[in-house]
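What follows is data-v9.txt (compact mmCIF, C-alpha atoms and all ligand atoms).
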```txt
# COMPACT_ATOMS: atom_id res chain seq x y z
CA MET A 1 -24.09 -4.06 13.31
CA ASN A 2 -24.51 -7.58 14.55
CA ASN A 3 -21.79 -9.46 16.40
CA GLY A 4 -20.96 -11.74 13.47
CA PRO A 5 -18.01 -11.38 11.11
CA VAL A 6 -17.73 -8.35 8.84
CA ARG A 7 -18.78 -9.49 5.36
CA ALA A 8 -16.90 -7.96 2.43
CA ILE A 9 -16.90 -8.27 -1.34
CA ILE A 10 -13.39 -8.25 -2.76
CA LEU A 11 -13.01 -6.39 -6.06
CA GLY A 12 -9.83 -7.48 -7.84
CA TYR A 13 -8.47 -10.89 -6.81
CA GLY A 14 -4.81 -10.28 -7.68
CA ILE A 15 -1.91 -10.12 -5.25
CA ARG A 16 -3.54 -7.64 -2.87
CA GLY A 17 -7.03 -9.13 -3.12
CA ARG A 18 -5.65 -12.57 -2.26
CA ALA A 19 -3.67 -11.14 0.67
CA TYR A 20 -6.82 -9.63 2.20
CA ALA A 21 -8.87 -12.77 1.46
CA GLU A 22 -6.38 -14.72 3.59
CA TYR A 23 -7.76 -12.99 6.67
CA ALA A 24 -11.06 -14.82 6.24
CA LYS A 25 -9.16 -18.11 6.62
CA THR A 26 -7.15 -17.05 9.65
CA HIS A 27 -9.87 -14.99 11.41
CA PRO A 28 -13.22 -16.55 10.37
CA ARG A 29 -15.05 -15.11 13.36
CA GLU A 30 -14.05 -11.57 12.39
CA PHE A 31 -14.16 -11.56 8.61
CA GLU A 32 -16.07 -13.37 5.87
CA ILE A 33 -15.86 -13.09 2.09
CA ALA A 34 -19.25 -12.10 0.59
CA GLY A 35 -18.12 -12.36 -3.05
CA LEU A 36 -15.14 -12.00 -5.39
CA ALA A 37 -14.85 -10.10 -8.67
CA ASP A 38 -12.05 -10.49 -11.19
CA PRO A 39 -12.08 -11.06 -14.97
CA VAL A 40 -9.15 -13.48 -15.09
CA ALA A 41 -8.24 -14.74 -11.64
CA ALA A 42 -8.85 -18.36 -10.64
CA PHE A 43 -11.27 -18.25 -7.71
CA PRO A 44 -11.00 -20.77 -4.85
CA ALA A 45 -12.64 -24.05 -5.89
CA ASP A 46 -14.55 -24.23 -2.58
CA ALA A 47 -15.95 -20.65 -2.82
CA ALA A 48 -19.30 -20.61 -1.00
CA TYR A 49 -20.15 -17.12 -2.24
CA PRO A 50 -20.92 -15.48 -5.59
CA THR A 51 -18.19 -14.53 -8.06
CA TRP A 52 -18.28 -12.07 -10.96
CA LYS A 53 -16.07 -11.12 -13.87
CA ASN A 54 -16.34 -7.39 -13.25
CA TRP A 55 -16.38 -5.08 -10.23
CA GLU A 56 -19.47 -3.21 -11.48
CA GLU A 57 -21.60 -6.37 -11.65
CA ALA A 58 -20.53 -7.20 -8.10
CA LEU A 59 -21.62 -3.83 -6.74
CA GLU A 60 -24.92 -3.95 -8.64
CA ALA A 61 -25.76 -7.47 -7.43
CA GLY A 62 -27.32 -6.28 -4.17
CA VAL A 63 -25.32 -8.74 -2.09
CA ASP A 64 -25.80 -8.64 1.67
CA ALA A 65 -22.43 -7.31 2.80
CA ASP A 66 -21.02 -4.65 5.13
CA ALA A 67 -18.00 -3.69 3.14
CA VAL A 68 -16.04 -3.78 -0.09
CA ILE A 69 -12.30 -4.23 -0.50
CA ILE A 70 -10.99 -2.46 -3.59
CA SER A 71 -7.79 -4.11 -4.78
CA LEU A 72 -8.27 -3.20 -8.41
CA PRO A 73 -5.74 -1.50 -10.72
CA ASP A 74 -5.20 2.15 -9.74
CA ARG A 75 -7.27 3.64 -12.58
CA LEU A 76 -10.44 1.86 -11.31
CA HIS A 77 -10.21 3.01 -7.67
CA HIS A 78 -12.14 6.26 -8.17
CA LYS A 79 -15.25 4.88 -9.88
CA ALA A 80 -15.40 1.73 -7.77
CA CYS A 81 -14.99 3.56 -4.46
CA ILE A 82 -17.69 6.12 -5.26
CA LEU A 83 -20.18 3.45 -6.37
CA ALA A 84 -19.42 1.31 -3.31
CA LEU A 85 -20.09 4.29 -1.02
CA GLU A 86 -23.31 5.11 -2.88
CA LYS A 87 -24.42 1.52 -2.31
CA GLY A 88 -23.84 2.02 1.43
CA TYR A 89 -20.72 -0.15 1.83
CA HIS A 90 -17.69 0.61 4.02
CA VAL A 91 -14.51 0.48 1.96
CA LEU A 92 -10.94 -0.72 2.34
CA LEU A 93 -9.33 1.04 -0.62
CA GLU A 94 -5.90 0.14 -1.88
CA LYS A 95 -3.53 3.03 -2.38
CA PRO A 96 -3.42 5.32 -4.27
CA ILE A 97 -6.82 6.71 -3.27
CA GLY A 98 -7.14 8.27 -6.74
CA CYS A 99 -4.92 8.82 -9.76
CA THR A 100 -5.35 12.60 -9.58
CA TRP A 101 -6.08 15.03 -6.78
CA LYS A 102 -9.52 15.69 -8.35
CA GLU A 103 -10.34 11.96 -8.02
CA CYS A 104 -9.26 12.07 -4.36
CA GLU A 105 -11.53 15.04 -3.72
CA ASP A 106 -14.48 13.28 -5.37
CA ILE A 107 -13.95 10.35 -3.02
CA LYS A 108 -13.82 12.70 -0.04
CA LYS A 109 -17.21 14.21 -1.03
CA ALA A 110 -18.74 10.78 -1.53
CA GLN A 111 -17.41 9.60 1.86
CA ILE A 112 -18.86 12.59 3.70
CA LYS A 113 -22.22 12.05 2.02
CA ALA A 114 -22.30 8.30 2.66
CA LYS A 115 -20.95 8.55 6.25
CA ARG A 116 -19.04 5.33 5.68
CA LEU A 117 -15.45 4.32 6.32
CA VAL A 118 -12.81 4.58 3.61
CA LEU A 119 -9.63 3.07 5.02
CA THR A 120 -6.59 3.42 2.73
CA GLY A 121 -4.31 0.38 2.29
CA TYR A 122 -1.45 2.01 4.21
CA VAL A 123 -0.37 -1.33 5.61
CA LEU A 124 3.00 -0.10 6.91
CA ARG A 125 1.53 2.06 9.67
CA PHE A 126 -0.14 -1.10 11.03
CA ALA A 127 3.04 -3.19 10.93
CA PRO A 128 4.52 -3.87 14.40
CA PHE A 129 7.90 -2.47 13.28
CA TYR A 130 6.49 0.92 12.35
CA LYS A 131 4.19 1.03 15.39
CA LYS A 132 7.25 0.55 17.59
CA LEU A 133 9.20 3.20 15.67
CA ARG A 134 6.35 5.69 16.17
CA GLU A 135 6.38 4.92 19.90
CA VAL A 136 10.14 5.49 20.06
CA ILE A 137 9.86 8.83 18.28
CA ALA A 138 6.94 9.97 20.45
CA TYR A 139 8.94 9.11 23.58
CA GLY A 140 11.27 12.03 22.77
CA SER A 141 14.56 10.34 23.66
CA ILE A 142 16.45 12.24 20.96
CA GLY A 143 15.00 15.64 21.85
CA GLU A 144 13.36 17.69 19.12
CA ILE A 145 13.73 16.25 15.64
CA THR A 146 15.48 18.68 13.31
CA SER A 147 15.61 16.60 10.15
CA VAL A 148 14.71 13.22 8.68
CA HIS A 149 16.36 11.37 5.79
CA HIS A 150 14.08 8.63 4.51
CA LEU A 151 15.12 6.25 1.75
CA ALA A 152 12.60 4.04 -0.04
CA ALA A 153 14.84 1.56 -1.84
CA ILE A 154 12.74 -0.42 -4.30
CA SER A 155 15.47 -2.84 -5.53
CA TYR A 156 16.40 -3.11 -9.19
CA GLY A 157 14.40 -6.33 -9.72
CA LYS A 158 11.12 -5.11 -8.22
CA ALA A 159 11.50 -1.71 -9.89
CA ALA A 160 12.17 -3.30 -13.30
CA HIS A 161 9.11 -5.51 -12.75
CA ALA A 162 6.61 -2.85 -11.70
CA TYR A 163 7.85 0.51 -12.99
CA CYS A 164 9.67 -0.44 -16.21
CA ARG A 165 7.98 -3.56 -17.61
CA GLY A 166 4.77 -3.63 -15.62
CA ASN A 167 1.58 -1.89 -14.51
CA TRP A 168 3.15 1.41 -13.46
CA SER A 169 5.60 1.93 -16.32
CA VAL A 170 3.56 4.58 -18.15
CA GLU A 171 2.51 7.50 -15.98
CA SER A 172 -0.55 8.44 -18.05
CA LYS A 173 -2.05 4.94 -17.44
CA GLY A 174 -2.29 5.48 -13.67
CA THR A 175 -0.17 7.59 -11.38
CA GLY A 176 3.52 8.38 -11.34
CA MET A 177 5.84 6.12 -9.37
CA LEU A 178 5.97 8.57 -6.46
CA VAL A 179 2.21 8.54 -5.89
CA ASN A 180 1.95 4.81 -6.45
CA LYS A 181 4.93 3.66 -4.42
CA CYS A 182 5.64 6.43 -1.95
CA THR A 183 2.17 7.30 -0.69
CA HIS A 184 3.18 4.75 1.99
CA ASP A 185 6.19 6.92 2.80
CA PHE A 186 4.21 10.16 2.75
CA ASP A 187 1.75 8.47 5.11
CA LEU A 188 4.53 7.45 7.50
CA ILE A 189 5.92 10.99 7.37
CA GLU A 190 2.45 12.40 8.08
CA TRP A 191 2.23 10.06 11.08
CA TRP A 192 5.71 10.89 12.40
CA THR A 193 5.13 14.64 12.14
CA LYS A 194 1.61 14.65 13.61
CA GLY A 195 0.69 18.18 14.70
CA LYS A 196 3.18 19.85 12.35
CA THR A 197 2.25 21.38 9.00
CA CYS A 198 4.18 20.79 5.80
CA LYS A 199 4.84 24.30 4.48
CA LYS A 200 6.83 23.73 1.30
CA VAL A 201 7.71 20.86 -1.00
CA THR A 202 10.05 20.58 -3.93
CA SER A 203 11.03 17.53 -5.97
CA PHE A 204 13.46 16.35 -8.65
CA GLY A 205 13.45 13.08 -10.51
CA SER A 206 13.76 11.51 -13.93
CA LEU A 207 13.92 8.32 -15.92
CA PHE A 208 17.69 8.04 -15.75
CA HIS A 209 18.56 4.65 -17.16
CA TRP A 210 15.82 2.43 -18.66
CA ARG A 211 15.82 4.31 -21.96
CA PRO A 212 16.34 2.92 -25.50
CA GLU A 213 19.64 4.81 -25.92
CA ASN A 214 21.12 2.88 -22.95
CA ALA A 215 20.47 -0.57 -24.46
CA PRO A 216 23.68 -2.60 -24.77
CA GLU A 217 24.90 -3.10 -28.31
CA GLY A 218 23.13 -6.03 -29.97
CA ALA A 219 20.27 -6.20 -27.43
CA ALA A 220 16.96 -7.52 -28.78
CA ASP A 221 13.50 -6.26 -27.84
CA ARG A 222 12.75 -9.42 -25.83
CA CYS A 223 15.12 -11.34 -23.54
CA GLN A 224 14.44 -14.64 -25.30
CA ALA A 225 15.83 -13.17 -28.56
CA CYS A 226 18.79 -11.44 -26.94
CA PRO A 227 22.28 -12.84 -27.64
CA VAL A 228 23.49 -14.85 -24.64
CA THR A 229 26.64 -12.69 -24.36
CA VAL A 230 24.47 -9.56 -23.97
CA ARG A 231 22.06 -11.23 -21.57
CA GLU A 232 24.88 -12.55 -19.38
CA SER A 233 26.01 -9.08 -18.46
CA CYS A 234 22.50 -7.64 -18.03
CA PRO A 235 21.22 -7.56 -14.42
CA PHE A 236 17.69 -6.91 -15.66
CA ASP A 237 17.51 -10.02 -17.88
CA ALA A 238 14.05 -11.56 -17.34
CA TYR A 239 15.54 -15.09 -17.04
CA LYS A 240 17.74 -13.94 -14.14
CA LEU A 241 14.93 -12.05 -12.40
CA TYR A 242 12.12 -14.59 -12.79
CA TYR A 243 13.66 -17.96 -13.59
CA ASP A 244 16.97 -18.07 -11.69
CA ARG A 245 15.62 -16.06 -8.76
CA LYS A 246 12.36 -17.11 -7.12
CA ASP A 247 11.49 -14.06 -5.04
CA LEU A 248 9.59 -12.17 -7.76
CA ARG A 249 7.50 -15.15 -8.87
CA TYR A 250 4.71 -14.30 -6.43
CA HIS A 251 3.53 -11.76 -8.99
CA PHE A 252 2.29 -14.61 -11.18
CA ALA A 253 -0.62 -16.96 -10.52
CA ASP A 254 1.39 -19.99 -11.72
CA GLU A 255 4.91 -19.96 -10.24
CA SER A 256 6.07 -23.25 -11.80
CA ASP A 257 9.25 -23.25 -13.91
CA ASP A 258 7.30 -24.07 -17.09
CA ALA A 259 4.78 -21.28 -16.54
CA ILE A 260 7.57 -18.78 -15.80
CA LEU A 261 9.42 -19.72 -19.02
CA LYS A 262 6.20 -19.28 -21.01
CA MET A 263 5.52 -15.98 -19.28
CA ILE A 264 9.01 -14.71 -20.23
CA GLU A 265 8.36 -15.67 -23.87
CA THR A 266 4.91 -14.17 -24.19
CA SER A 267 4.16 -11.52 -21.55
CA PRO A 268 5.28 -7.90 -21.17
CA TYR A 269 7.60 -9.10 -18.40
CA GLY A 270 9.86 -10.73 -21.02
CA ARG A 271 10.53 -7.41 -22.75
CA CYS A 272 13.96 -5.80 -22.76
CA VAL A 273 14.00 -3.07 -20.08
CA TYR A 274 15.34 -0.69 -22.73
CA ALA A 275 12.40 -1.32 -25.07
CA CYS A 276 9.32 -1.03 -22.84
CA GLY A 277 7.98 2.36 -23.96
CA ASN A 278 8.15 3.33 -20.27
CA ASP A 279 8.21 6.92 -19.05
CA SER A 280 7.97 6.45 -15.29
CA VAL A 281 10.82 7.96 -13.28
CA ASP A 282 13.35 5.53 -11.86
CA HIS A 283 14.55 7.78 -9.04
CA GLN A 284 13.10 10.82 -7.34
CA THR A 285 13.95 13.05 -4.40
CA VAL A 286 11.46 15.13 -2.41
CA LEU A 287 12.39 17.91 0.02
CA MET A 288 9.86 19.14 2.56
CA GLU A 289 9.91 21.96 5.06
CA TYR A 290 7.67 21.87 8.12
CA ASP A 291 6.69 24.57 10.57
CA GLY A 292 9.29 25.06 13.28
CA GLY A 293 12.04 24.42 10.69
CA LEU A 294 11.96 20.59 10.54
CA THR A 295 13.21 19.41 7.15
CA ILE A 296 12.61 16.01 5.53
CA ILE A 297 14.24 14.35 2.56
CA LEU A 298 12.47 11.44 0.92
CA GLU A 299 14.47 9.53 -1.66
CA MET A 300 12.93 6.88 -3.91
CA GLU A 301 15.50 4.70 -5.67
CA SER A 302 15.14 1.86 -8.18
CA TYR A 303 18.81 0.90 -8.44
CA SER A 304 19.36 -0.65 -5.06
CA GLN A 305 20.39 -4.19 -4.19
CA GLN A 306 17.92 -4.42 -1.30
CA ARG A 307 14.22 -3.73 -1.12
CA THR A 308 13.86 -1.80 2.12
CA ARG A 309 13.26 1.52 3.81
CA ILE A 310 15.98 3.20 5.85
CA THR A 311 15.14 6.22 7.98
CA HIS A 312 17.55 8.42 9.87
CA PHE A 313 16.08 10.86 12.40
CA TYR A 314 18.36 13.64 13.66
CA GLY A 315 17.35 15.25 16.97
CA THR A 316 18.73 17.89 19.31
CA ARG A 317 19.78 15.13 21.75
CA GLY A 318 20.59 12.17 19.52
CA GLU A 319 19.78 10.06 16.47
CA ILE A 320 17.47 7.19 15.56
CA ILE A 321 18.23 4.89 12.65
CA ALA A 322 15.55 2.45 11.49
CA ASP A 323 15.96 -0.06 8.66
CA GLU A 324 12.85 -2.26 8.83
CA THR A 325 14.72 -4.88 10.86
CA LYS A 326 16.05 -2.88 13.81
CA ILE A 327 15.70 0.52 15.48
CA GLU A 328 18.91 2.01 16.82
CA ILE A 329 18.55 4.81 19.36
CA LYS A 330 21.76 6.79 19.84
CA PRO A 331 21.43 9.56 22.43
CA PHE A 332 24.32 12.04 22.75
CA LEU A 333 24.39 11.30 26.49
CA GLY A 334 24.06 7.73 27.76
CA ASP A 335 24.17 4.37 26.02
CA SER A 336 22.79 3.42 22.64
CA THR A 337 19.95 0.89 22.45
CA THR A 338 18.85 -1.39 19.65
CA ILE A 339 15.28 -2.65 19.42
CA ILE A 340 14.35 -5.54 17.15
CA PRO A 341 10.55 -5.58 16.82
CA ALA A 342 8.91 -8.91 16.06
CA GLN A 343 7.86 -9.27 12.42
CA ASN A 344 5.44 -11.84 11.27
CA GLY A 345 3.63 -11.94 7.97
CA HIS A 346 3.53 -9.96 4.74
CA HIS A 347 4.48 -6.27 5.00
CA GLY A 348 5.93 -7.13 8.41
CA GLY A 349 2.48 -8.15 9.66
CA GLY A 350 0.80 -4.99 8.29
CA ASP A 351 -1.53 -6.95 5.96
CA ARG A 352 -3.03 -8.78 8.89
CA GLU A 353 -3.09 -5.84 11.31
CA ILE A 354 -4.83 -3.52 8.85
CA MET A 355 -7.63 -6.07 8.51
CA THR A 356 -8.00 -6.25 12.30
CA GLU A 357 -8.29 -2.46 12.37
CA PHE A 358 -10.69 -2.41 9.42
CA VAL A 359 -13.05 -4.87 11.11
CA LYS A 360 -12.90 -2.88 14.33
CA LEU A 361 -13.59 0.44 12.61
CA VAL A 362 -16.51 -0.95 10.61
CA LYS A 363 -18.05 -2.28 13.80
CA THR A 364 -17.42 0.52 16.23
CA ALA A 365 -16.38 3.87 14.79
CA SER A 366 -18.54 6.93 14.07
CA PRO A 367 -19.07 8.93 10.86
CA ASP A 368 -16.92 11.78 12.28
CA ARG A 369 -14.06 9.39 12.89
CA TYR A 370 -14.46 7.98 9.36
CA THR A 371 -14.14 11.46 7.90
CA LYS A 372 -11.03 12.18 9.97
CA ILE A 373 -9.38 8.93 8.89
CA LEU A 374 -9.86 9.68 5.20
CA GLY A 375 -8.87 13.34 5.74
CA ALA A 376 -5.49 12.30 7.20
CA ALA A 377 -4.91 9.82 4.37
CA LEU A 378 -5.75 12.48 1.80
CA GLU A 379 -3.33 14.97 3.33
CA SER A 380 -0.39 12.69 2.56
CA HIS A 381 -1.69 12.22 -1.00
CA ARG A 382 -1.99 16.01 -1.35
CA ILE A 383 1.70 16.50 -0.49
CA ALA A 384 2.65 13.68 -2.90
CA PHE A 385 0.66 15.29 -5.74
CA LEU A 386 2.22 18.70 -4.94
CA ALA A 387 5.66 17.07 -5.07
CA GLU A 388 4.80 15.75 -8.54
CA GLU A 389 3.72 19.23 -9.60
CA SER A 390 7.04 20.56 -8.39
CA ARG A 391 8.87 17.92 -10.46
CA TYR A 392 6.90 18.87 -13.60
CA SER A 393 7.04 22.65 -13.11
CA GLY A 394 10.43 23.11 -11.46
CA LYS A 395 8.73 25.27 -8.79
CA THR A 396 8.77 24.93 -5.01
CA MET A 397 5.15 24.41 -4.00
CA ASP A 398 3.54 26.24 -1.09
CA CYS A 399 1.64 23.50 0.73
CA VAL A 400 -0.33 25.94 2.86
CA THR A 401 -1.91 27.92 0.04
CA GLU A 402 -1.61 25.71 -3.08
CA MET A 403 -3.73 22.71 -4.01
CA PRO A 404 -2.64 20.15 -6.62
CA ILE A 405 -4.35 20.39 -9.99
N1 LIG A 501 -0.82 -1.50 0.09
C1 LIG A 501 0.22 -1.98 -0.54
O1 LIG A 501 1.27 -2.17 0.03
C2 LIG A 501 0.12 -2.34 -1.99
C3 LIG A 501 1.07 -3.21 -2.59
C4 LIG A 501 0.92 -3.52 -3.92
C5 LIG A 501 -0.13 -2.99 -4.65
N2 LIG A 501 -1.01 -2.13 -4.06
C6 LIG A 501 -2.15 -1.57 -4.80
O2 LIG A 501 -3.15 -2.59 -4.87
C7 LIG A 501 -3.85 -2.52 -6.11
C8 LIG A 501 -3.82 -3.90 -6.77
O3 LIG A 501 -2.47 -4.26 -6.96
P1 LIG A 501 -2.03 -5.78 -7.17
O4 LIG A 501 -0.56 -5.79 -7.01
O5 LIG A 501 -2.89 -6.69 -6.40
O6 LIG A 501 -2.35 -5.94 -8.72
P2 LIG A 501 -2.84 -7.26 -9.48
O7 LIG A 501 -2.69 -6.94 -10.92
O8 LIG A 501 -2.17 -8.45 -8.92
O9 LIG A 501 -4.40 -7.33 -9.08
C9 LIG A 501 -5.39 -6.52 -9.65
C10 LIG A 501 -6.53 -7.43 -10.04
O10 LIG A 501 -7.64 -6.64 -10.50
C11 LIG A 501 -8.27 -7.40 -11.53
N3 LIG A 501 -9.13 -6.54 -12.37
C12 LIG A 501 -8.78 -5.79 -13.43
N4 LIG A 501 -9.89 -5.21 -13.96
C13 LIG A 501 -10.94 -5.62 -13.21
C14 LIG A 501 -12.34 -5.39 -13.26
N5 LIG A 501 -12.88 -4.60 -14.21
N6 LIG A 501 -13.14 -5.97 -12.33
C15 LIG A 501 -12.62 -6.79 -11.37
N7 LIG A 501 -11.29 -7.04 -11.29
C16 LIG A 501 -10.46 -6.48 -12.19
C17 LIG A 501 -7.09 -7.99 -12.31
O11 LIG A 501 -7.50 -9.09 -13.12
C18 LIG A 501 -6.16 -8.38 -11.18
O12 LIG A 501 -6.32 -9.74 -10.80
C19 LIG A 501 -3.17 -1.44 -6.92
O13 LIG A 501 -3.91 -0.26 -6.83
C20 LIG A 501 -1.82 -1.24 -6.23
O14 LIG A 501 -1.34 0.08 -6.32
C21 LIG A 501 -0.91 -1.82 -2.75
```

Could I get this file's structure written as structure tokens?
Amino acid sequence: MNNGPVRAIILGYGIRGRAYAEYAKTHPREFEIAGLADPVAAFPADAAYPTWKNWEEALEAGVDADAVIISLPDRLHHKACILALEKGYHVLLEKPIGCTWKECEDIKKAQIKAKRLVLTGYVLRFAPFYKKLREVIAYGSIGEITSVHHLAAISYGKAAHAYCRGNWSVESKGTGMLVNKCTHDFDLIEWWTKGKTCKKVTSFGSLFHWRPENAPEGAADRCQACPVTVRESCPFDAYKLYYDRKDLRYHFADESDDAILKMIETSPYGRCVYACGNDSVDHQTVLMEYDGGLTIILEMESYSQQRTRITHFYGTRGEIIADETKIEIKPFLGDSTTIIPAQNGHHGGGDREIMTEFVKLVKTASPDRYTKILGAALESHRIAFLAEESRYSGKTMDCVTEMPI
């Protein structure tokens, strides 16, 4: 490779595609956009590269590029990643790698054949907060870890947006909420337990609340038609989530008040949460047993006030509690310490740091390293898919001998 910037085509110019494109502005000597594909997105007016309406056209165009960033809807990851590898591109692939384990395995075969990088969009492991947490755990100040309680709290607004009204509300259209949302958490767990094998996994979860039978009396199918008295007492009312609050507006290209009001009147995001035809779970618990007896509980929860992750490590000589803002180390002997890692940028800086790593890997790593990187990413997907099988079947899955179907 030459010494110039890594040139990448971005497939899917939605929230994630735009986040990765930002890196070209902030690090022009490292990264350059070679083209953008999206059927509906507004492309930058000053784009000095080709644009297409569809990912397939972009990959068939024979553009001079080193890499492809796949930030498409989940169901398109499999086909797009395999074609990109066949065309000889390195890939930054948003999670989930595939919607089924079979799709993940197809991507693994294609990666081995192409000898190219497939880096999964596990941005959290690149965020300074989580890098520091990993360092603290590896330092061994709480002795041997006996168990971990990890909570992925989605927040009721974000969960209503994505998993009730939005793209991930119907499991058969992509993946279940656990594979979509918590592959990040399975990845972190894989990272924290490096060298240990997950022996067993079991999982419980359901769609507890956003069901038609829980609709308040008199509720209409869309918020705009709902009686004000009903809407006033509904925390999931689209006007409260998108108009009164501003923090979820980044999901929409036009964040102006007028556009948000129109969106509530016309788009799926203005539907009553009890009338969305959704079947995605709204809470799920996963229990894992590792060799040596380490046990881990992962809890995914929609009905939380805050959107955060809280992890509690219990060790033979103390505890560590991490909540995405601070890391508290509490040894049984000696004083407690609190570390507040610097955070800067989206996903605590992970969006930027993953791009730095991607550029470096494209330029310097070897095919063997590429295969190892994807192998580790797939292992956390494998446990997530086995957890889903446990939820469907009611069985505890043996992670050493069983593969997901
Ligand atoms: N790593 C993370 O933390 C993280 C966070 C959110 C989402 N994601 C993943 O990123 C992916 C994209 O999510 P998003 O939130 O950006 O969604 P999004 O809907 O904002 O973006 C997806 C884009 O793909 C475009 N698209 C659809 N069909 C296309 C086609 N045939 N050709 C080209 N473009 C097409 C859509 O128009 C849209 O603009 C998903 O797989 C999601 O699971 C990852």

Contacts to ligand LIG 501 (chain A) at 7 Å cut-off (only C-alpha atoms and all ligand atoms) as an MDAnalysis selection string:
chainID A and resid 11:17 37:41 53:56 71:74 94:96 121:123 180 251

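When only C-alpha atoms are used to compute distances to Lys113 in chain A, the closest of the residues A:Ala138, A:Ala48, A:Leu85, A:Ala24 turns out to be A:Leu85.
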
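We find CA of His209 in chain A and CA of Tyr269 in chain A to be spaced 17.6 Å apart.
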
Using only C-alpha atoms, pick whichever of A:Arg18, A:Lys131, A:His283, A:Arg7 has the shortest atom-to-atom distance to Pro341 in chain A.
A:Lys131

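With all atoms listed in the file taken into account, the protein and nucleic acid residues at most 12 Å from Ala342 in chain A (excluding it and anything under 4 positions from it in its own chain) are Ala127, Pro128, Phe129, Tyr130, Lys131, Lys132, Glu324, Thr325, Lys326, Ile327, Gly348, Gly349 and Gly350 of chain A.
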
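Comparing A:Glu103, A:Asp279, A:Asp323, A:Asp64 by their smallest distance to Asn167 in chain A, the closest is A:Asp279 (using only C-alpha atoms).
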
Please enclose the listed atoms of range 319-337 of chain A in an axis-aligned box, pad each side by 3 Å, and write out the centre and the three edge lengths in Å, rounded to one decimal, as AutoDock Vina command-line options.
```
--center_x 18.6 --center_y 3.6 --center_z 18.2 --size_x 17.5 --size_y 22.9 --size_z 25.1
```

At a cut-off of 8 Å around the point (-15.0, 11.5, -0.9) (file coordinates), what residues fall inside when counting only C-alpha atoms? I'd like the answer as a ChimeraX atom specification.
/A:82,104-113

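Here CA of Arg125 in chain A stands at a distance of 20.8 Å from CA of Phe31 in chain A.
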